[in-house]
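Peer 1: What follows is run07.pdb; its format and atoms are PDB, C-alpha atoms.
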ATOM      1  CA  MET O 171       5.909  16.163  -9.732
ATOM      2  CA  THR O 172       2.446  15.735  -8.220
ATOM      3  CA  LEU O 173       1.872  13.566  -5.174
ATOM      4  CA  SER O 174      -0.560  11.357  -7.080
ATOM      5  CA  HIS O 175       2.005  10.687  -9.824
ATOM      6  CA  THR O 176       4.819   9.957  -7.354
ATOM      7  CA  SER O 177       2.667   7.548  -5.355
ATOM      8  CA  GLU O 178       1.596   5.731  -8.543
ATOM      9  CA  VAL O 179       5.236   5.353  -9.658
ATOM     10  CA  TYR O 180       6.057   3.901  -6.241
ATOM     11  CA  ARG O 181       3.077   1.528  -6.196
ATOM     12  CA  LYS O 182       3.655   0.207  -9.700
ATOM     13  CA  GLY O 183       7.387  -0.152  -9.050
ATOM     14  CA  LEU O 184       6.928  -2.486  -6.087
ATOM     15  CA  LYS O 185       3.556  -4.202  -6.508
ATOM     16  CA  LYS O 186       4.568  -6.623  -9.294
ATOM     17  CA  LYS O 187       7.777  -7.847  -7.689
ATOM     18  CA  TYR O 188       6.283  -8.077  -4.181
ATOM     19  CA  ARG O 189       2.654  -8.628  -5.114
ATOM     20  CA  LYS O 190       1.960 -11.176  -2.362
ATOM     21  CA  TYR O 191       2.266  -8.341   0.154
ATOM     22  CA  GLY O 192      -0.422  -6.285  -1.611
ATOM     23  CA  TRP O 193      -0.150  -2.578  -2.368
ATOM     24  CA  PRO O 194       2.689  -0.496  -0.963
ATOM     25  CA  LEU O 195       1.652   2.804   0.600
ATOM     26  CA  TRP O 196       3.776   5.790  -0.397
ATOM     27  CA  GLN O 197       2.407   7.513   2.680
ATOM     28  CA  PRO O 198       2.052   4.756   5.302
ATOM     29  CA  VAL O 199      -0.799   5.175   7.753
ATOM     30  CA  THR O 200      -0.389   4.698  11.475
ATOM     31  CA  SER O 201      -1.477   1.258  12.625
ATOM     32  CA  ASP O 202      -4.368   2.689  14.659
ATOM     33  CA  ARG O 203      -5.952   3.886  11.391
ATOM     34  CA  VAL O 204      -6.255   0.503   9.680
ATOM     35  CA  SER O 205      -7.953  -2.706  10.845
ATOM     36  CA  LEU O 206      -9.017  -5.997   9.311
ATOM     37  CA  GLY O 207     -12.445  -5.483   7.762
ATOM     38  CA  ASP O 208     -11.931  -1.794   6.996
ATOM     39  CA  ILE O 209     -13.601  -0.432   3.878
ATOM     40  CA  GLY O 210     -11.975   2.629   2.353
ATOM     41  CA  TYR O 211     -10.130   3.928  -0.674
ATOM     42  CA  LEU O 212      -6.636   4.814  -1.853
ATOM     43  CA  ARG O 213      -5.722   8.409  -2.644
ATOM     44  CA  ASP O 214      -2.275   9.976  -3.111
ATOM     45  CA  GLY O 215      -0.524   6.838  -1.948
ATOM     46  CA  THR O 216      -2.308   6.347   1.352
ATOM     47  CA  PHE O 217      -5.326   4.429   2.651
ATOM     48  CA  HIS O 218      -8.396   6.315   3.869
ATOM     49  CA  ARG O 219     -10.768   4.338   6.068
ATOM     50  CA  MET O 220     -14.506   5.038   5.777
ATOM     51  CA  PHE O 221     -15.922   2.361   8.086
ATOM     52  CA  ASN O 222     -15.477  -1.260   9.105
ATOM     53  CA  ILE O 223     -17.691  -3.957   7.618
ATOM     54  CA  ALA O 224     -18.237  -5.467  11.083
ATOM     55  CA  ASN O 225     -18.677  -2.143  12.899
ATOM     56  CA  ASN O 226     -20.413   0.870  11.382
ATOM     57  CA  ASN O 227     -20.191   3.031  14.505
ATOM     58  CA  GLU O 228     -17.668   5.259  12.706
ATOM     59  CA  VAL O 229     -20.421   6.413  10.306
ATOM     60  CA  PRO O 230     -23.325   7.296  12.622
ATOM     61  CA  GLY O 231     -26.703   7.767  10.989
ATOM     62  CA  TYR O 232     -25.770   6.144   7.688
ATOM     63  CA  GLU O 233     -25.124   2.505   6.915
ATOM     64  CA  PRO O 234     -24.187   1.851   3.275
ATOM     65  CA  VAL O 235     -23.607  -1.807   4.198
ATOM     66  CA  THR O 236     -25.701  -3.937   6.527
ATOM     67  CA  THR O 237     -23.207  -5.115   9.087
ATOM     68  CA  GLU O 238     -22.865  -8.745  10.014
ATOM     69  CA  ASN O 239     -21.181 -10.459  12.929
ATOM     70  CA  PHE O 240     -18.208 -11.489  10.856
ATOM     71  CA  THR O 241     -15.586 -13.339  12.824
ATOM     72  CA  VAL O 242     -12.275 -11.541  12.471
ATOM     73  CA  ASN O 243      -9.889 -14.414  13.150
ATOM     74  CA  LEU O 244      -6.256 -14.152  12.176
ATOM     75  CA  GLY O 245      -5.293 -16.471   9.348
ATOM     76  CA  ASP O 246      -1.986 -18.155   8.723
ATOM     77  CA  PRO O 247       0.599 -15.353   8.532
ATOM     78  CA  LEU O 248       2.560 -14.768   5.376
ATOM     79  CA  SER O 249       6.254 -15.354   5.593
ATOM     80  CA  LYS O 250       7.897 -12.364   7.206
ATOM     81  CA  MET O 251       8.804  -9.480   4.987
ATOM     82  CA  GLU O 252      12.564  -9.441   5.222
ATOM     83  CA  SER O 253      14.370  -6.424   6.543
ATOM     84  CA  GLY O 254      16.620  -4.461   4.210
ATOM     85  CA  ASP O 255      16.126  -3.391   0.606
ATOM     86  CA  HIS O 256      12.984  -3.892  -1.460
ATOM     87  CA  PHE O 257      13.207  -2.320  -4.897
ATOM     88  CA  SER O 258      11.842  -2.553  -8.425
ATOM     89  CA  ASP O 259      13.726  -4.322 -11.202
ATOM     90  CA  SER O 260      14.714  -0.938 -12.621
ATOM     91  CA  VAL O 261      16.752  -0.030  -9.509
ATOM     92  CA  ARG O 262      19.849  -1.586  -7.953
ATOM     93  CA  THR O 263      21.968  -1.009  -4.881
ATOM     94  CA  THR O 264      25.478   0.387  -5.100
ATOM     95  CA  GLY O 265      26.546  -1.054  -1.766
ATOM     96  CA  GLU O 266      26.786   0.038   1.851
ATOM     97  CA  SER O 267      29.607   1.808   3.670
ATOM     98  CA  ASN O 268      29.742   3.360   7.142
ATOM     99  CA  GLY O 269      25.998   3.214   7.635
ATOM    100  CA  THR O 270      25.168   4.736   4.249
ATOM    101  CA  ARG O 271      23.397   2.753   1.496
ATOM    102  CA  GLY O 272      23.395   3.720  -2.169
ATOM    103  CA  TYR O 273      20.820   3.209  -4.939
ATOM    104  CA  GLU O 274      20.822   4.015  -8.618
ATOM    105  CA  PHE O 275      18.670   3.584 -11.682
ATOM    106  CA  ARG O 276      19.647   0.441 -13.601
ATOM    107  CA  LYS O 277      20.482   1.998 -16.963
ATOM    108  CA  SER O 278      21.340  -1.050 -19.065
ATOM    109  CA  ARG O 279      18.574  -3.136 -20.616
ATOM    110  CA  MET O 280      15.849  -1.129 -18.908
ATOM    111  CA  LYS O 281      13.178   0.610 -20.988
ATOM    112  CA  ARG O 282      11.267   1.950 -18.020
ATOM    113  CA  ARG O 283      12.128   5.392 -16.768
ATOM    114  CA  THR O 284      10.733   4.938 -13.275
ATOM    115  CA  GLY O 285      11.537   2.851 -10.217
ATOM    116  CA  ALA O 286      10.930   2.468  -6.485
ATOM    117  CA  VAL O 287      12.757   1.610  -3.264
ATOM    118  CA  LEU O 288      11.465   0.633   0.170
ATOM    119  CA  TYR O 289      14.022   0.147   2.944
ATOM    120  CA  LEU O 290      12.959  -1.615   6.149
ATOM    121  CA  PRO O 291      15.450  -1.676   9.037
ATOM    122  CA  ASP O 292      13.590  -4.613  10.656
ATOM    123  CA  HIS O 293      11.231  -7.414   9.660
ATOM    124  CA  ALA O 294       7.683  -6.247   8.947
ATOM    125  CA  TYR O 295       4.866  -7.854  10.926
ATOM    126  CA  HIS O 296       1.918  -9.271   8.964
ATOM    127  CA  GLU O 297      -1.670  -9.426  10.169
ATOM    128  CA  ASP O 298      -4.172 -11.253   7.941
ATOM    129  CA  TRP O 299      -7.844 -12.163   8.152
ATOM    130  CA  ASP O 300      -8.674 -15.859   7.967
ATOM    131  CA  GLY O 301      -9.374 -16.645   4.313
ATOM    132  CA  GLY O 302     -12.812 -18.206   4.828
ATOM    133  CA  ASP O 303     -14.102 -15.352   6.986
ATOM    134  CA  ALA O 304     -12.692 -12.734   4.606
ATOM    135  CA  GLU O 305     -14.403 -14.342   1.622
ATOM    136  CA  LYS O 306     -17.735 -14.343   3.463
ATOM    137  CA  ALA O 307     -17.277 -10.612   4.017
ATOM    138  CA  ILE O 308     -16.452  -9.819   0.392
ATOM    139  CA  LYS O 309     -19.407 -11.881  -0.857
ATOM    140  CA  HIS O 310     -21.614  -9.899   1.504
ATOM    141  CA  LEU O 311     -20.100  -6.606   0.333
ATOM    142  CA  LYS O 312     -20.713  -7.491  -3.327
ATOM    143  CA  GLY O 313     -24.389  -6.674  -2.979
ATOM    144  CA  TYR O 314     -23.616  -3.189  -1.663
ATOM    145  CA  VAL O 315     -20.781  -1.964  -3.917
ATOM    146  CA  LYS O 316     -22.921   0.626  -5.733
ATOM    147  CA  ASP O 317     -24.291   1.917  -2.419
ATOM    148  CA  VAL O 318     -20.808   2.192  -0.919
ATOM    149  CA  LEU O 319     -19.456   4.008  -3.980
ATOM    150  CA  LYS O 320     -22.376   6.431  -3.807
ATOM    151  CA  PHE O 321     -21.689   6.989  -0.102
ATOM    152  CA  ALA O 322     -17.962   7.501  -0.772
ATOM    153  CA  ASN O 323     -18.551  10.073  -3.488
ATOM    154  CA  GLU O 324     -21.065  11.978  -1.374
ATOM    155  CA  HIS O 325     -18.763  12.159   1.656
ATOM    156  CA  PHE O 326     -15.183  11.935   0.368
ATOM    157  CA  GLY O 327     -15.110  13.285  -3.188
ATOM    158  CA  ASP O 328     -14.295  11.369  -6.356
ATOM    159  CA  VAL O 329     -13.905   7.681  -5.426
ATOM    160  CA  LYS O 330     -13.998   5.135  -8.256
ATOM    161  CA  LYS O 331     -12.761   2.054  -6.372
ATOM    162  CA  ILE O 332     -13.290   0.847  -2.835
ATOM    163  CA  ILE O 333     -11.027  -1.405  -0.799
ATOM    164  CA  LEU O 334     -11.829  -4.125   1.736
ATOM    165  CA  VAL O 335      -8.757  -4.670   3.908
ATOM    166  CA  THR O 336      -8.051  -8.321   4.699
ATOM    167  CA  GLY O 337      -4.384  -7.919   5.626
ATOM    168  CA  PHE O 338      -1.647  -5.394   6.271
ATOM    169  CA  SER O 339       2.031  -5.173   7.179
ATOM    170  CA  THR O 340       3.452  -2.907   9.868
ATOM    171  CA  GLU O 341       6.937  -1.668  10.635
ATOM    172  CA  SER O 342       8.493   0.645  13.214
ATOM    173  CA  SER O 343      10.292   2.767  10.612
ATOM    174  CA  TRP O 344      10.840   2.913   6.857
ATOM    175  CA  ALA O 345      12.396   4.883   4.016
ATOM    176  CA  ALA O 346      10.883   5.141   0.521
ATOM    177  CA  ALA O 347      12.004   6.586  -2.800
ATOM    178  CA  ALA O 348      10.437   6.972  -6.243
ATOM    179  CA  PHE O 349      12.783   7.332  -9.215
ATOM    180  CA  LEU O 350      11.033   9.555 -11.738
ATOM    181  CA  ALA O 351      13.754   9.714 -14.433
ATOM    182  CA  ARG O 352      16.968   8.000 -15.539
ATOM    183  CA  ASP O 353      20.515   8.836 -14.436
ATOM    184  CA  VAL O 354      19.605   9.198 -10.765
ATOM    185  CA  ASN O 355      21.550   7.905  -7.785
ATOM    186  CA  VAL O 356      20.844   8.581  -4.141
ATOM    187  CA  GLU O 357      22.124   7.589  -0.703
ATOM    188  CA  LEU O 358      20.342   6.663   2.510
ATOM    189  CA  VAL O 359      21.850   7.052   5.974
ATOM    190  CA  SER O 360      20.641   3.996   7.924
ATOM    191  CA  GLU O 361      22.641   3.992  11.124
ATOM    192  CA  SER O 362      21.110   3.387  14.567
ATOM    193  CA  GLN O 363      17.580   4.911  14.607
ATOM    194  CA  ARG O 364      18.382   7.437  11.909
ATOM    195  CA  LEU O 365      16.935   7.166   8.403
ATOM    196  CA  GLU O 366      17.786  10.116   6.171
ATOM    197  CA  TRP O 367      18.082  10.488   2.399
ATOM    198  CA  ILE O 368      21.007  12.383   0.896
ATOM    199  CA  ASN O 369      19.874  13.925  -2.380
ATOM    200  CA  GLU O 370      20.890  17.581  -2.291
ATOM    201  CA  ASN O 371      21.841  17.782  -5.973
ATOM    202  CA  ILE O 372      18.877  15.885  -7.429
ATOM    203  CA  SER O 373      15.890  17.683  -8.926
ATOM    204  CA  ALA O 374      12.473  16.955  -7.474
ATOM    205  CA  GLN O 375      11.425  16.180 -11.057
ATOM    206  CA  ASP O 376      13.837  13.218 -11.051
ATOM    207  CA  LEU O 377      13.436  11.790  -7.546
ATOM    208  CA  ASP O 378      11.067  11.922  -4.601
ATOM    209  CA  CYS O 379      12.013  10.345  -1.280
ATOM    210  CA  HIS O 380      11.061  10.481   2.369
ATOM    211  CA  ALA O 381      11.360   8.493   5.601
ATOM    212  CA  SER O 382       9.290   7.843   8.694
ATOM    213  CA  PRO O 383       9.578  10.291  11.577
ATOM    214  CA  GLN O 384      11.644   9.035  14.479
ATOM    215  CA  SER O 385      10.130   7.697  17.711
ATOM    216  CA  GLN O 386       6.847   6.539  16.178
ATOM    217  CA  GLY O 387       6.566   3.433  18.361
ATOM    218  CA  ALA O 388       6.993  -0.262  17.669
ATOM    219  CA  LEU O 389       5.171  -1.531  14.565
ATOM    220  CA  SER O 390       3.209   1.699  14.300
ATOM    221  CA  GLN O 391       3.563   2.229  10.533
ATOM    222  CA  CYS O 392       1.427   0.350   7.984
ATOM    223  CA  VAL O 393       3.550   0.013   4.827
ATOM    224  CA  TYR O 394       1.445  -2.517   2.839
ATOM    225  CA  ILE O 395      -2.259  -3.376   2.653
ATOM    226  CA  ARG O 396      -3.914  -6.464   1.156
ATOM    227  CA  GLY O 397      -7.505  -7.241   0.317
ATOM    228  CA  PHE O 398     -10.136  -6.780  -2.366
ATOM    229  CA  GLN O 399     -10.803  -3.917  -4.744
ATOM    230  CA  ALA O 400     -14.349  -3.320  -5.988
ATOM    231  CA  LYS O 401     -15.637  -0.999  -8.716
ATOM    232  CA  CYS O 402     -18.457  -0.595 -11.217
ATOM    233  CA  GLN O 403     -17.290  -1.524 -14.696
ATOM    234  CA  PRO O 404     -18.677   0.682 -17.496
ATOM    235  CA  PRO O 405     -20.675   0.836 -19.680
ATOM    236  CA  LEU O 406     -23.157  -1.463 -17.905
ATOM    237  CA  ASN O 407     -21.919  -0.719 -14.361
ATOM    238  CA  LEU O 408     -21.263  -4.396 -13.696
ATOM    239  CA  ILE O 409     -19.648  -5.114 -10.332
ATOM    240  CA  ASP O 410     -15.961  -6.036 -10.653
ATOM    241  CA  ILE O 411     -14.135  -7.394  -7.585
ATOM    242  CA  LYS O 412     -10.512  -8.532  -7.588
ATOM    243  CA  ALA O 413      -8.079  -9.578  -4.909
ATOM    244  CA  PHE O 414      -4.730  -7.882  -4.509
ATOM    245  CA  GLY O 415      -2.036  -9.424  -2.398
ATOM    246  CA  ASP O 416      -1.635 -13.104  -1.582
ATOM    247  CA  PRO O 417      -3.271 -14.898  -3.339
ATOM    248  CA  PRO O 418      -3.630 -12.418  -6.237
ATOM    249  CA  SER O 419      -5.925 -14.397  -8.556
ATOM    250  CA  ARG O 420      -9.281 -14.558  -6.758
ATOM    251  CA  LYS O 421     -12.290 -12.893  -8.412
ATOM    252  CA  PHE O 422     -15.951 -12.674  -7.388
TER
END
Any chance you could put this one into C-alpha cells?
Peer 2:
Amino acid sequence: MTLSHTSEVYRKGLKKKYRKYGWPLWQPVTSDRVSLGDIGYLRDGTFHRMFNIANNNEVPGYEPVTTENFTVNLGDPLSKMESGDHFSDSVRTTGESNGTRGYEFRKSRMKRRTGAVLYLPDHAYHEDWDGGDAEKAIKHLKGYVKDVLKFANEHFGDVKKIILVTGFSTESSWAAAAFLARDVNVELVSESQRLEWINENISAQDLDCHASPQSQGALSQCVYIRGFQAKCQPPLNLIDIKAFGDPPSRKF
C-alpha cells in the first residue's frame, strides 16, 4: 500500500471523531519544524513548512506574502488530549495484559473497511494561537492565496492546498496504526519507554503501523495540527478557505 493511501486512511479514520484537535499526522514532525503562523502543505501524512506568515527569513529573496507584525499570543488551550487509546469507530480494543494492548477491526455493523489507531502514553500538550490574532492573519493571507500556491508549485512540486497553522499538539512518544482491510488484529507493547507493534503474521496490504523512535525528548513530536486550509476552487479559481480543528465551522 502506498504511503499516501495509508496516511489518508489514518487521517480520515481519526479526524471526524477527534476533529477539535485538527488533522492527525501519520508521520509526526519534530516540534522544531512547526510553529504558530507557519504556512505549508500536507504530503504523505506529514506537514511541510514553507515559511512563517510573520517571518519570511526562511525564504530569502522571495516573499509570496507581505509579512505583518502579527502578534503570536497563545490563546486559551484546548482541554488536554487524554493519554491512552484514540481510535476510529471501526476499531476497538481487545484489552491489556502484561504491558501489551490489543486492537481489532470491529466487524459487526461496520461497512467501512478501514480504521485508525493512535496510542499516546502521556497527555498531549496543546499550543494554540489567540483566535483574534489568527483570524487577522488568515484574512491577510486571503489576498495572497494564488501567489502562495504559485510559489509552492514552483518550489515544492504539485501543491493544491496550503495550510496556515494556528495550533498543534505535541507528545514525547506515540504509536499509530492504519487498518487497511477487515479481519485484522494487532498488539502493541506499551511497557516503560518501549512502544512496539507485534504484527508478524499480518500482510502489509492489510495493516500499516509504526511508532516513534525512543529518546526523542520531552514533547518533541507533533501529532496533530490545527488551522486553516486554502485553495483555489475551479472552474473560476475562487478562493476557498476553511478552518480545521476547533472550532471547525469558520469560513472566510
Peer 1: Smallest atom-to-atom distance to O:Glu266: which of O:Thr336, O:Ser201, O:Ser360, O:Gln399, using only C-alpha atoms?
Peer 2: O:Ser360
Peer 1: Using Å and a single decimal, report how far atom CA of O:Thr340 sits from atom CA of O:Arg213.
Peer 2: 19.2 Å
Peer 1: Take the PyMOL selection byres ((chain O and resi 202-212) around 6), run it mentally on this structure, and tell me the resulting residues as number ranges by chain.
Peer 2: O: 200-201, 213, 216-223, 332-336
Peer 1: Write the residues you've just listed into a file as a tab-separated table (two decimals), in the coordinates of the input, and include C-alpha atoms for each of them.
Peer 2:
chain	number	residue	atom	x	y	z
O	200	THR	CA	-0.39	4.70	11.48
O	201	SER	CA	-1.48	1.26	12.62
O	213	ARG	CA	-5.72	8.41	-2.64
O	216	THR	CA	-2.31	6.35	1.35
O	217	PHE	CA	-5.33	4.43	2.65
O	218	HIS	CA	-8.40	6.32	3.87
O	219	ARG	CA	-10.77	4.34	6.07
O	220	MET	CA	-14.51	5.04	5.78
O	221	PHE	CA	-15.92	2.36	8.09
O	222	ASN	CA	-15.48	-1.26	9.10
O	223	ILE	CA	-17.69	-3.96	7.62
O	332	ILE	CA	-13.29	0.85	-2.84
O	333	ILE	CA	-11.03	-1.40	-0.80
O	334	LEU	CA	-11.83	-4.12	1.74
O	335	VAL	CA	-8.76	-4.67	3.91
O	336	THR	CA	-8.05	-8.32	4.70
Peer 1: Apply the PyMOL selection byres ((chain O and resi 402) around 9) to the displayed file and report the matching residues as a PDB file with C-alpha atoms, keeping the file's coordinate frame.
Peer 2:
ATOM      1  CA  VAL O 315     -20.781  -1.964  -3.917  1.00  0.00           C
ATOM      2  CA  LYS O 316     -22.921   0.626  -5.733  1.00  0.00           C
ATOM      3  CA  LEU O 319     -19.456   4.008  -3.980  1.00  0.00           C
ATOM      4  CA  LYS O 330     -13.998   5.135  -8.256  1.00  0.00           C
ATOM      5  CA  LYS O 331     -12.761   2.054  -6.372  1.00  0.00           C
ATOM      6  CA  ALA O 400     -14.349  -3.320  -5.988  1.00  0.00           C
ATOM      7  CA  LYS O 401     -15.637  -0.999  -8.716  1.00  0.00           C
ATOM      8  CA  GLN O 403     -17.290  -1.524 -14.696  1.00  0.00           C
ATOM      9  CA  PRO O 404     -18.677   0.682 -17.496  1.00  0.00           C
ATOM     10  CA  PRO O 405     -20.675   0.836 -19.680  1.00  0.00           C
ATOM     11  CA  LEU O 406     -23.157  -1.463 -17.905  1.00  0.00           C
ATOM     12  CA  ASN O 407     -21.919  -0.719 -14.361  1.00  0.00           C
ATOM     13  CA  LEU O 408     -21.263  -4.396 -13.696  1.00  0.00           C
ATOM     14  CA  ILE O 409     -19.648  -5.114 -10.332  1.00  0.00           C
ATOM     15  CA  ASP O 410     -15.961  -6.036 -10.653  1.00  0.00           C
ATOM     16  CA  ILE O 411     -14.135  -7.394  -7.585  1.00  0.00           C
TER      17      ILE O 411
END
Peer 1: Please expand the PyMOL selection byres ((chain O and resi 390) around 6) into the concrete residues it hits in this file, giving the result as a PyMOL selection string.
Peer 2: chain O and resi 200-201+342+387-389+391
Peer 1: Between atom CA of O:Ala351 and atom CA of O:Arg189, what is the spacing in Å?
Peer 2: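 Pair atom CA of O:Arg189 / atom CA of O:Ala351 returns 23.4 Å.
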Peer 1: Please identify all polymer residues within 12 Å of stretch 174-177 of chain O, counting only C-alpha atoms, omitting same-chain residues fewer than 4 positions from it, and present them as a VMD selection string.
Peer 2: chain O and resid 181 to 185 193 to 198 212 to 217 284 to 287 346 to 351 374 to 380
Peer 1: Measuring between all atoms listed in the file, which one of O:Tyr180, O:Phe398, O:Tyr188, O:Phe414 shows the shortest distance to O:Lys312?
Peer 2: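 For O:Lys312, the nearest of the given residues is O:Phe398.
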Peer 1: O:Asp255, O:Glu366, O:Asp353, O:Asp317: which is nearest O:His293, counting all atoms listed in the file?
Peer 2: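 Under the stated criterion, the closest residue is O:Asp255.
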Peer 1: Using all atoms listed in the file, can you tell me which of O:Ile368, O:Val199, O:Val356, O:Val261 comes closest to O:Glu341?
Peer 2: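 Result for the nearest residue to O:Glu341: O:Val199.
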Peer 1: Check the smallest atom-to-atom distance from each of O:Lys306, O:Asn355, O:Ala322, O:Asp246 to O:Arg262 using only C-alpha atoms, then report the winner.
Peer 2: O:Asn355
Peer 1: Expressed in Å to a single decimal, how great is the separation between atom CA of O:Val393 and atom CA of O:Ser339?
Peer 2: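 Computing it gives 5.9 Å between the two atoms.
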